[in-house]
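Okay, so here's the structure we're looking at.
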Amino acid sequence: MLLVQTIWEGIVNGSILAMIAMGIALVWGVMGILSFSQGEFMMLGMFITYYLNEYLGLDPILCVPIVGVIMFGLGCLIYRSIIAKALRGPRLSQRLITFAIGMVLTYGALMVFGGQYRTVQNLAFTGSIDLGFMTISKQKLVPLVIALVMVAFMYVFLNLTRAGKAIKAISQDKDAAELVGINSNVTYMVAFGLSSALAGIAGCAITYYYPVYYTAGAAFLLFGFIAVLLGGVGSTAGALVGGIIMGLTDTISGVYLNTAYKYLAVCVIFMLIVTFKPKGLFGK
Amino acid sequence: MVILETVHLQSGYGETPVLHDISFRVEENQIVAILGSNGAGKTTTLRTITGTVRATGGQVLYRGKDITRAPTYQMVELGISLVPEGRHLFGQMSVRDNLLMGAYREKDKSAIQRRLEQMYEIFPRIKERSHQMAGTLSGGEQQMVAIARGMMSGPSLLMLDEPSLGLMPKLVEEVFAFVQEIRRLGTTIVIVEQNASETLRFADYAYVVSEGEVVLQGKSEELVADDNIRKVYLGLA
């Protein structure tokens with residue numbers, strides 16, 4: 001029953017990747033920025049959760065809205081002070097600026113928080129549910145539920161709210177969106193803020209079973225990007241499916257091959273998709 | 001009453017100047033045509049008015065108020081709507097959602113509903129297609145959706161950029177008939193066209209633009225009546 005167990009773990013990891021992927025797809029679709037700092041936003045979410053837990057005794061579940069708000073604000077700030085300016089500059093700096101932000105956040109975290117591994121204490125849900133053919137660890141069930149709630153939230157936000165429609169309109173045709181009265185600068189900022197909030201909440205959720213340390217986010221970045229390409233840019237459901245496929249690839253290759261080969265597996269899948277389904281699994 | 005006026009307007013892209021001296025006036029409830037050949041600066045004129053291209057000199061006045069530096073997204077709130085060249089629809093939204101996006105700044109839900117029904121009445125063809133993705137429509141249908149979307153903000157001034165571009169002659173006639181119908185609703189219209197002969201049939205007044213300058217202006221019937229103008233500026237026999 002190792003396979004069933006592995007698939008379950010893959011789905012959990014994949015749901016976290018889906019949150020990273022949605023943020024990457026959002027920022028790319030709206031403003032053509034490659035969000036290389038997404039993993040670091042996730043790492044910051046983990047540290048914020050860790051300290052809220054350490055000093056206020058808050059469970060990560062209760063940290064979700066707090067981390068969301070803080071990371072949204074930080075994202076808006078980074079957009080206004082850096083990204084908005086990069087967008088007026090040469091394309092190469094538009095592509096690389098988030099990479100630099102990611103580096104600064106990674107090593108800034110090392111300076112400020114130190115390099116040791118930490119774990120969040122006194123979780124509200126621990127133990128496991130034995131189903132006979134598999135065991136479901138509650139420490140993994142909680143992040144999965146948080147991730148699914150966030151995917152649903154993003155779906156509703158993008159499709160049913162005014163701000164969501166503005167984001168969709170801008171990503172389809174910026175000129176036309178401005179002409180119908182959408183302020184693209186504000187919309188870009190909101191999209192960037194949301195994307196960093198999503199990554200932060202992914203970090204918050206994953207502290208339920210994953211250690212907190214300064215390079216924790218980096219491992220999720222490549223998987224997140226490929227999940228976007230799998231699912232096709234601009235589709236919430238696509239990000240979820242793409243994330244889960246990536247999560248499954250990660251855990252299955254880790255268990256049946258060797259963790260050293262998981263990047264090999266992921267990159268082979270990426271190359272196969274580019275070759276045979278260049279627009280993603282759901283691309284039209 | 002003058003609704004829109006440009007005074008010695010200048011602009012360009014980067015270091016390349018395109019408009020050198022564009023001055024024109026639009027009276028309320030008129031149809032004013034801006035004619036000229038490809039590359040004369042017609043589209044740039046409209047884009048400078050809406051703030052998509054920054055003016056480097058001169059002024060844009062709307063109901064006497066200087067809006068030269070106003071950003072594009074404020075245009076619909078002022079009452080100006082531009083139907084851009086090439087339609088620029090939201091291709092992955094339904095026709096209906098495209099129209100509703102046109103009323104993005106409108107808070108009054110009943111006004112949105114009323115305009116939507118009015119547009120469906122003027123363009124029955126797009127009503128049939130209301131749930132289809134806008135990107136899958138034919139060129140003529142897309143142009144109708146673009147005009148209808150432009151009208152959804154309830155503008156006082158509608159500016160149309162080359163609405164006949166790429167359409168079959170029969171559809172061109174149809175689109176121009178819609179333009180006249182929209183004027184009857186009380187909307188002032190500025191229309192940029194290469195198709196001078198057809199446009200002068202229904203425009204009240206026309207400006208001819210060449211190399212970024214207004215080189216000629218007059219009432220449509222006077223321009224059409226002058227053989228010399230017909231030949232030199234309008235390319236008509």
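Ordering of the structure tokens sets the chain letters (A, B, ...), residue numbers begin anew at 1 in every chain, and ligands are numbered from 1 in the order given.
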Could you work out which residues of chain A fall inside 10 Å of chain B? Count only C-alpha atoms, and format the result as a list of chain:residue names.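 Written out as asked, the residues are A:Arg162, A:Lys165, A:Ala166, A:Lys168, A:Ala169, A:Ile170, A:Ser171, A:Gln172, A:Asp173, A:Lys174, A:Asp175, A:Ala176, A:Ala177, A:Glu178, A:Leu179, A:Val180, A:Gly181, A:Ile182, A:Asn183, A:Ser184.
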Apply DSSP to the backbone of this structure and, from range 22-265 of chain A, keep only the residues in strand (DSSP E or B); write these as a PDB file with N, CA and C atoms, in the first residue's frame.
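Result saved to states.pdb:
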ATOM      1  N   ARG A 118      13.670  25.067  12.411  1.00  0.00           N
ATOM      2  CA  ARG A 118      12.737  25.181  13.543  1.00  0.00           C
ATOM      3  C   ARG A 118      11.428  24.484  13.190  1.00  0.00           C
ATOM      4  N   SER A 128      -3.129  10.610  13.539  1.00  0.00           N
ATOM      5  CA  SER A 128      -3.519  10.221  12.199  1.00  0.00           C
ATOM      6  C   SER A 128      -4.828   9.450  12.201  1.00  0.00           C
ATOM      7  N   ILE A 129      -5.405   9.400  11.016  1.00  0.00           N
ATOM      8  CA  ILE A 129      -6.636   8.644  10.827  1.00  0.00           C
ATOM      9  C   ILE A 129      -6.247   7.384  10.077  1.00  0.00           C
ATOM     10  N   ASP A 130      -6.566   6.209  10.654  1.00  0.00           N
ATOM     11  CA  ASP A 130      -6.198   4.958   9.999  1.00  0.00           C
ATOM     12  C   ASP A 130      -7.362   4.457   9.155  1.00  0.00           C
ATOM     13  N   THR A 135      -2.816   5.485   6.015  1.00  0.00           N
ATOM     14  CA  THR A 135      -3.049   6.363   7.152  1.00  0.00           C
ATOM     15  C   THR A 135      -2.947   7.809   6.685  1.00  0.00           C
ATOM     16  N   ILE A 136      -3.919   8.591   7.151  1.00  0.00           N
ATOM     17  CA  ILE A 136      -3.912  10.007   6.814  1.00  0.00           C
ATOM     18  C   ILE A 136      -3.422  10.770   8.031  1.00  0.00           C
ATOM     19  N   SER A 137      -2.268  11.399   7.867  1.00  0.00           N
ATOM     20  CA  SER A 137      -1.737  12.199   8.957  1.00  0.00           C
ATOM     21  C   SER A 137      -2.500  13.517   9.006  1.00  0.00           C
ATOM     22  N   VAL A 212      10.916  24.997   9.342  1.00  0.00           N
ATOM     23  CA  VAL A 212      11.066  26.395   8.935  1.00  0.00           C
ATOM     24  C   VAL A 212      12.556  26.718   8.860  1.00  0.00           C
TER      25      VAL A 212
END
Could you pull out the alpha helix (DSSP H) residues of range 51-162 of chain A from DSSP and send them as number ranges by chain? A: 51-56, 60-78, 84-86, 91-113, 138-160, 162
Could you write out that same residue set with C-alpha atoms as a PDB file, in the first residue's frame?
ATOM      1  CA  TYR A  51       7.031  33.651  15.410  1.00  0.00           C
ATOM      2  CA  LEU A  52       3.269  34.080  15.812  1.00  0.00           C
ATOM      3  CA  ASN A  53       3.264  30.522  17.138  1.00  0.00           C
ATOM      4  CA  GLU A  54       6.314  30.993  19.328  1.00  0.00           C
ATOM      5  CA  TYR A  55       5.302  34.276  20.979  1.00  0.00           C
ATOM      6  CA  LEU A  56       1.518  34.336  20.785  1.00  0.00           C
ATOM      7  CA  PRO A  60      -0.853  28.007  11.955  1.00  0.00           C
ATOM      8  CA  ILE A  61      -4.538  27.735  11.017  1.00  0.00           C
ATOM      9  CA  LEU A  62      -5.203  30.966  12.913  1.00  0.00           C
ATOM     10  CA  CYS A  63      -2.112  32.521  11.321  1.00  0.00           C
ATOM     11  CA  VAL A  64      -3.547  32.167   7.801  1.00  0.00           C
ATOM     12  CA  PRO A  65      -5.440  35.484   7.736  1.00  0.00           C
ATOM     13  CA  ILE A  66      -2.645  37.339   9.549  1.00  0.00           C
ATOM     14  CA  VAL A  67       0.048  36.033   7.215  1.00  0.00           C
ATOM     15  CA  GLY A  68      -2.238  36.751   4.253  1.00  0.00           C
ATOM     16  CA  VAL A  69      -2.666  40.379   5.258  1.00  0.00           C
ATOM     17  CA  ILE A  70       1.020  40.949   6.104  1.00  0.00           C
ATOM     18  CA  MET A  71       2.235  39.318   2.891  1.00  0.00           C
ATOM     19  CA  PHE A  72      -0.362  41.173   0.809  1.00  0.00           C
ATOM     20  CA  GLY A  73       0.942  44.434   2.264  1.00  0.00           C
ATOM     21  CA  LEU A  74       4.553  43.446   1.697  1.00  0.00           C
ATOM     22  CA  GLY A  75       3.767  42.439  -1.882  1.00  0.00           C
ATOM     23  CA  CYS A  76       2.094  45.803  -2.547  1.00  0.00           C
ATOM     24  CA  LEU A  77       5.083  47.586  -1.049  1.00  0.00           C
ATOM     25  CA  ILE A  78       7.566  45.620  -3.181  1.00  0.00           C
ATOM     26  CA  ALA A  84       6.566  49.254 -10.938  1.00  0.00           C
ATOM     27  CA  LYS A  85       9.885  50.902 -11.692  1.00  0.00           C
ATOM     28  CA  ALA A  86      11.416  47.805 -13.269  1.00  0.00           C
ATOM     29  CA  ARG A  91      13.129  43.771 -20.244  1.00  0.00           C
ATOM     30  CA  LEU A  92      16.160  42.011 -18.832  1.00  0.00           C
ATOM     31  CA  SER A  93      15.810  43.794 -15.502  1.00  0.00           C
ATOM     32  CA  GLN A  94      12.082  43.010 -15.522  1.00  0.00           C
ATOM     33  CA  ARG A  95      13.013  39.342 -15.783  1.00  0.00           C
ATOM     34  CA  LEU A  96      15.764  39.384 -13.174  1.00  0.00           C
ATOM     35  CA  ILE A  97      14.489  41.780 -10.535  1.00  0.00           C
ATOM     36  CA  THR A  98      12.434  39.175  -8.660  1.00  0.00           C
ATOM     37  CA  PHE A  99      15.466  36.874  -8.648  1.00  0.00           C
ATOM     38  CA  ALA A 100      17.384  39.627  -6.843  1.00  0.00           C
ATOM     39  CA  ILE A 101      14.489  40.172  -4.429  1.00  0.00           C
ATOM     40  CA  GLY A 102      14.471  36.442  -3.703  1.00  0.00           C
ATOM     41  CA  MET A 103      18.197  36.419  -2.961  1.00  0.00           C
ATOM     42  CA  VAL A 104      17.921  39.424  -0.657  1.00  0.00           C
ATOM     43  CA  LEU A 105      15.034  37.794   1.215  1.00  0.00           C
ATOM     44  CA  THR A 106      16.850  34.450   1.521  1.00  0.00           C
ATOM     45  CA  TYR A 107      20.080  35.829   2.895  1.00  0.00           C
ATOM     46  CA  GLY A 108      18.284  38.582   4.795  1.00  0.00           C
ATOM     47  CA  ALA A 109      16.368  35.787   6.556  1.00  0.00           C
ATOM     48  CA  LEU A 110      19.647  34.053   7.330  1.00  0.00           C
ATOM     49  CA  MET A 111      21.030  37.263   8.864  1.00  0.00           C
ATOM     50  CA  VAL A 112      17.932  38.047  10.882  1.00  0.00           C
ATOM     51  CA  PHE A 113      16.587  34.617  11.858  1.00  0.00           C
ATOM     52  CA  LYS A 138      -3.769  15.123  10.295  1.00  0.00           C
ATOM     53  CA  GLN A 139      -0.634  17.238  10.048  1.00  0.00           C
ATOM     54  CA  LYS A 140      -0.911  16.831   6.283  1.00  0.00           C
ATOM     55  CA  LEU A 141      -4.685  17.003   6.091  1.00  0.00           C
ATOM     56  CA  VAL A 142      -4.729  20.540   7.538  1.00  0.00           C
ATOM     57  CA  PRO A 143      -2.435  22.061   4.846  1.00  0.00           C
ATOM     58  CA  LEU A 144      -4.433  20.288   2.133  1.00  0.00           C
ATOM     59  CA  VAL A 145      -7.671  21.784   3.417  1.00  0.00           C
ATOM     60  CA  ILE A 146      -6.104  25.261   3.679  1.00  0.00           C
ATOM     61  CA  ALA A 147      -4.796  24.951   0.112  1.00  0.00           C
ATOM     62  CA  LEU A 148      -8.147  23.817  -1.277  1.00  0.00           C
ATOM     63  CA  VAL A 149      -9.924  26.668   0.494  1.00  0.00           C
ATOM     64  CA  MET A 150      -7.431  29.121  -1.035  1.00  0.00           C
ATOM     65  CA  VAL A 151      -7.886  27.672  -4.527  1.00  0.00           C
ATOM     66  CA  ALA A 152     -11.650  28.031  -4.129  1.00  0.00           C
ATOM     67  CA  PHE A 153     -11.200  31.568  -2.793  1.00  0.00           C
ATOM     68  CA  MET A 154      -9.078  32.535  -5.799  1.00  0.00           C
ATOM     69  CA  TYR A 155     -11.582  31.023  -8.198  1.00  0.00           C
ATOM     70  CA  VAL A 156     -14.417  33.018  -6.670  1.00  0.00           C
ATOM     71  CA  PHE A 157     -12.293  36.160  -6.417  1.00  0.00           C
ATOM     72  CA  LEU A 158     -11.147  36.085 -10.035  1.00  0.00           C
ATOM     73  CA  ASN A 159     -14.500  35.194 -11.533  1.00  0.00           C
ATOM     74  CA  LEU A 160     -17.079  36.899  -9.384  1.00  0.00           C
ATOM     75  CA  ARG A 162     -15.033  43.431  -9.550  1.00  0.00           C
TER      76      ARG A 162
END
Near Asp161 in chain B, counting only C-alpha atoms, which residues have an atom at most 8 Å away, once you skip same-chain residues fewer than 2 positions from it, shown as JSON, numbers by chain? {"B": [43, 46, 82, 83, 84, 85, 159, 163, 191, 192, 193]}
Residue selection dump (C-alpha atoms) as a PDB file, in the first residue's frame:
ATOM      1  CA  THR B  43      -4.794  56.947 -34.451  1.00  0.00           C
ATOM      2  CA  LEU B  46      -7.048  59.642 -30.528  1.00  0.00           C
ATOM      3  CA  LEU B  82     -12.695  55.147 -27.339  1.00  0.00           C
ATOM      4  CA  VAL B  83     -13.353  52.137 -29.550  1.00  0.00           C
ATOM      5  CA  PRO B  84      -9.762  51.348 -30.468  1.00  0.00           C
ATOM      6  CA  GLU B  85      -8.402  50.294 -33.814  1.00  0.00           C
ATOM      7  CA  MET B 159     -14.473  58.057 -30.533  1.00  0.00           C
ATOM      8  CA  PRO B 163     -14.310  50.851 -37.466  1.00  0.00           C
ATOM      9  CA  ILE B 191     -14.682  58.902 -36.260  1.00  0.00           C
ATOM     10  CA  VAL B 192     -11.233  58.256 -37.673  1.00  0.00           C
ATOM     11  CA  GLU B 193     -11.344  56.661 -41.109  1.00  0.00           C
TER      12      GLU B 193
END
Here is a test: counting only C-alpha atoms, which residue of A:Ile226, A:Met19, A:Leu221, A:Met42 is nearest to Ile245 in chain A?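 Closest to Ile245 in chain A, using only C-alpha atoms: A:Ile226.
A straight line drawn from CA of Arg96 in chain B to CA of Leu137 in chain B is 12.7 Å long.
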Work out how far apart CA of Ser23 in chain B and CA of Asp204 in chain B are and give it in Å to one decimal.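 Going from CA of Ser23 in chain B over to CA of Asp204 in chain B, I get 17.1 Å.
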For CA of Pro124 in chain B and CA of Phe202 in chain B, determine how far apart the two atoms are, in Å to one decimal place.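 Distance reported for this atom pair: 22.5 Å.
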Can you pull out every residue within 12 Å of range 225-237 of chain B, counting only C-alpha atoms, but drop anything in the same chain fewer than 3 positions away, and send it as a PDB file with N, CA and C atoms, in the first residue's frame?
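part-v6.pdb, freshly written:
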ATOM      1  N   ILE B  34     -12.191  62.384 -38.844  1.00  0.00           N
ATOM      2  CA  ILE B  34     -10.783  62.710 -39.029  1.00  0.00           C
ATOM      3  C   ILE B  34     -10.273  61.769 -40.104  1.00  0.00           C
ATOM      4  N   LEU B  35      -9.925  62.361 -41.239  1.00  0.00           N
ATOM      5  CA  LEU B  35      -9.554  61.551 -42.392  1.00  0.00           C
ATOM      6  C   LEU B  35      -8.064  61.708 -42.669  1.00  0.00           C
ATOM      7  N   GLY B  36      -7.555  60.812 -43.492  1.00  0.00           N
ATOM      8  CA  GLY B  36      -6.144  60.905 -43.860  1.00  0.00           C
ATOM      9  C   GLY B  36      -5.625  59.533 -44.193  1.00  0.00           C
ATOM     10  N   SER B  37      -4.466  59.506 -44.816  1.00  0.00           N
ATOM     11  CA  SER B  37      -3.938  58.214 -45.250  1.00  0.00           C
ATOM     12  C   SER B  37      -3.290  57.492 -44.079  1.00  0.00           C
ATOM     13  N   ALA B  40      -0.806  58.947 -41.125  1.00  0.00           N
ATOM     14  CA  ALA B  40      -0.923  60.404 -41.069  1.00  0.00           C
ATOM     15  C   ALA B  40      -0.932  60.913 -39.626  1.00  0.00           C
ATOM     16  N   GLU B 193     -11.133  57.597 -40.001  1.00  0.00           N
ATOM     17  CA  GLU B 193     -11.344  56.661 -41.109  1.00  0.00           C
ATOM     18  C   GLU B 193     -10.361  56.900 -42.249  1.00  0.00           C
ATOM     19  N   GLN B 194     -10.057  55.791 -42.931  1.00  0.00           N
ATOM     20  CA  GLN B 194      -9.348  55.925 -44.206  1.00  0.00           C
ATOM     21  C   GLN B 194     -10.347  55.969 -45.345  1.00  0.00           C
ATOM     22  N   ASN B 195     -11.506  55.393 -45.065  1.00  0.00           N
ATOM     23  CA  ASN B 195     -12.559  55.309 -46.065  1.00  0.00           C
ATOM     24  C   ASN B 195     -13.307  56.642 -46.131  1.00  0.00           C
ATOM     25  N   ALA B 196     -12.699  57.621 -46.860  1.00  0.00           N
ATOM     26  CA  ALA B 196     -13.214  58.985 -46.849  1.00  0.00           C
ATOM     27  C   ALA B 196     -14.587  59.117 -47.500  1.00  0.00           C
ATOM     28  N   SER B 197     -14.761  58.473 -48.637  1.00  0.00           N
ATOM     29  CA  SER B 197     -16.001  58.712 -49.386  1.00  0.00           C
ATOM     30  C   SER B 197     -17.221  58.275 -48.580  1.00  0.00           C
ATOM     31  N   GLU B 198     -17.154  57.083 -47.978  1.00  0.00           N
ATOM     32  CA  GLU B 198     -18.288  56.588 -47.195  1.00  0.00           C
ATOM     33  C   GLU B 198     -18.504  57.447 -45.956  1.00  0.00           C
ATOM     34  N   THR B 199     -17.416  57.826 -45.303  1.00  0.00           N
ATOM     35  CA  THR B 199     -17.527  58.557 -44.050  1.00  0.00           C
ATOM     36  C   THR B 199     -18.133  59.944 -44.271  1.00  0.00           C
ATOM     37  N   LEU B 200     -17.745  60.584 -45.374  1.00  0.00           N
ATOM     38  CA  LEU B 200     -18.252  61.945 -45.620  1.00  0.00           C
ATOM     39  C   LEU B 200     -19.748  61.956 -45.914  1.00  0.00           C
ATOM     40  N   ARG B 201     -20.317  60.794 -46.211  1.00  0.00           N
ATOM     41  CA  ARG B 201     -21.765  60.740 -46.446  1.00  0.00           C
ATOM     42  C   ARG B 201     -22.566  61.022 -45.181  1.00  0.00           C
ATOM     43  N   ALA B 206     -15.461  67.552 -41.238  1.00  0.00           N
ATOM     44  CA  ALA B 206     -14.300  66.663 -41.363  1.00  0.00           C
ATOM     45  C   ALA B 206     -12.994  67.442 -41.302  1.00  0.00           C
ATOM     46  N   TYR B 207     -12.000  66.798 -40.735  1.00  0.00           N
ATOM     47  CA  TYR B 207     -10.630  67.325 -40.720  1.00  0.00           C
ATOM     48  C   TYR B 207      -9.777  66.339 -41.489  1.00  0.00           C
ATOM     49  N   VAL B 208      -8.884  66.858 -42.325  1.00  0.00           N
ATOM     50  CA  VAL B 208      -7.968  65.971 -43.035  1.00  0.00           C
ATOM     51  C   VAL B 208      -6.590  66.142 -42.403  1.00  0.00           C
ATOM     52  N   VAL B 209      -6.012  65.023 -41.986  1.00  0.00           N
ATOM     53  CA  VAL B 209      -4.717  65.042 -41.315  1.00  0.00           C
ATOM     54  C   VAL B 209      -3.669  64.449 -42.257  1.00  0.00           C
ATOM     55  N   SER B 210      -2.527  65.130 -42.323  1.00  0.00           N
ATOM     56  CA  SER B 210      -1.424  64.607 -43.111  1.00  0.00           C
ATOM     57  C   SER B 210      -0.116  64.904 -42.387  1.00  0.00           C
ATOM     58  N   VAL B 214      -3.151  69.092 -39.217  1.00  0.00           N
ATOM     59  CA  VAL B 214      -4.438  69.262 -39.878  1.00  0.00           C
ATOM     60  C   VAL B 214      -4.183  70.121 -41.110  1.00  0.00           C
ATOM     61  N   VAL B 215      -4.469  69.571 -42.286  1.00  0.00           N
ATOM     62  CA  VAL B 215      -4.167  70.327 -43.507  1.00  0.00           C
ATOM     63  C   VAL B 215      -5.422  70.912 -44.142  1.00  0.00           C
ATOM     64  N   LEU B 216      -6.559  70.443 -43.688  1.00  0.00           N
ATOM     65  CA  LEU B 216      -7.794  70.871 -44.344  1.00  0.00           C
ATOM     66  C   LEU B 216      -8.971  70.579 -43.432  1.00  0.00           C
ATOM     67  N   GLN B 217      -9.972  71.418 -43.483  1.00  0.00           N
ATOM     68  CA  GLN B 217     -11.188  71.135 -42.723  1.00  0.00           C
ATOM     69  C   GLN B 217     -12.384  71.767 -43.385  1.00  0.00           C
ATOM     70  N   GLY B 218     -13.544  71.267 -43.080  1.00  0.00           N
ATOM     71  CA  GLY B 218     -14.752  71.869 -43.630  1.00  0.00           C
ATOM     72  C   GLY B 218     -15.942  70.955 -43.433  1.00  0.00           C
ATOM     73  N   LYS B 219     -17.104  71.513 -43.792  1.00  0.00           N
ATOM     74  CA  LYS B 219     -18.312  70.687 -43.734  1.00  0.00           C
ATOM     75  C   LYS B 219     -18.185  69.588 -44.781  1.00  0.00           C
ATOM     76  N   SER B 220     -18.728  68.441 -44.467  1.00  0.00           N
ATOM     77  CA  SER B 220     -18.577  67.285 -45.353  1.00  0.00           C
ATOM     78  C   SER B 220     -19.006  67.595 -46.776  1.00  0.00           C
ATOM     79  N   GLU B 221     -20.209  68.220 -46.913  1.00  0.00           N
ATOM     80  CA  GLU B 221     -20.712  68.433 -48.275  1.00  0.00           C
ATOM     81  C   GLU B 221     -19.829  69.397 -49.057  1.00  0.00           C
ATOM     82  N   GLU B 222     -19.188  70.355 -48.361  1.00  0.00           N
ATOM     83  CA  GLU B 222     -18.297  71.281 -49.056  1.00  0.00           C
ATOM     84  C   GLU B 222     -17.026  70.575 -49.532  1.00  0.00           C
TER      85      GLU B 222
END
Name the residues in contact with Gly45 in chain A at a cut-off of 8 Å, using only C-alpha atoms, excluding same-chain residues fewer than 6 positions from it; report them as a list in words.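 Listed by chain and then number, they are Val67, Met71, Ala199, Gly200, Ile201, Ala202, Gly203 and Cys204 of chain A.
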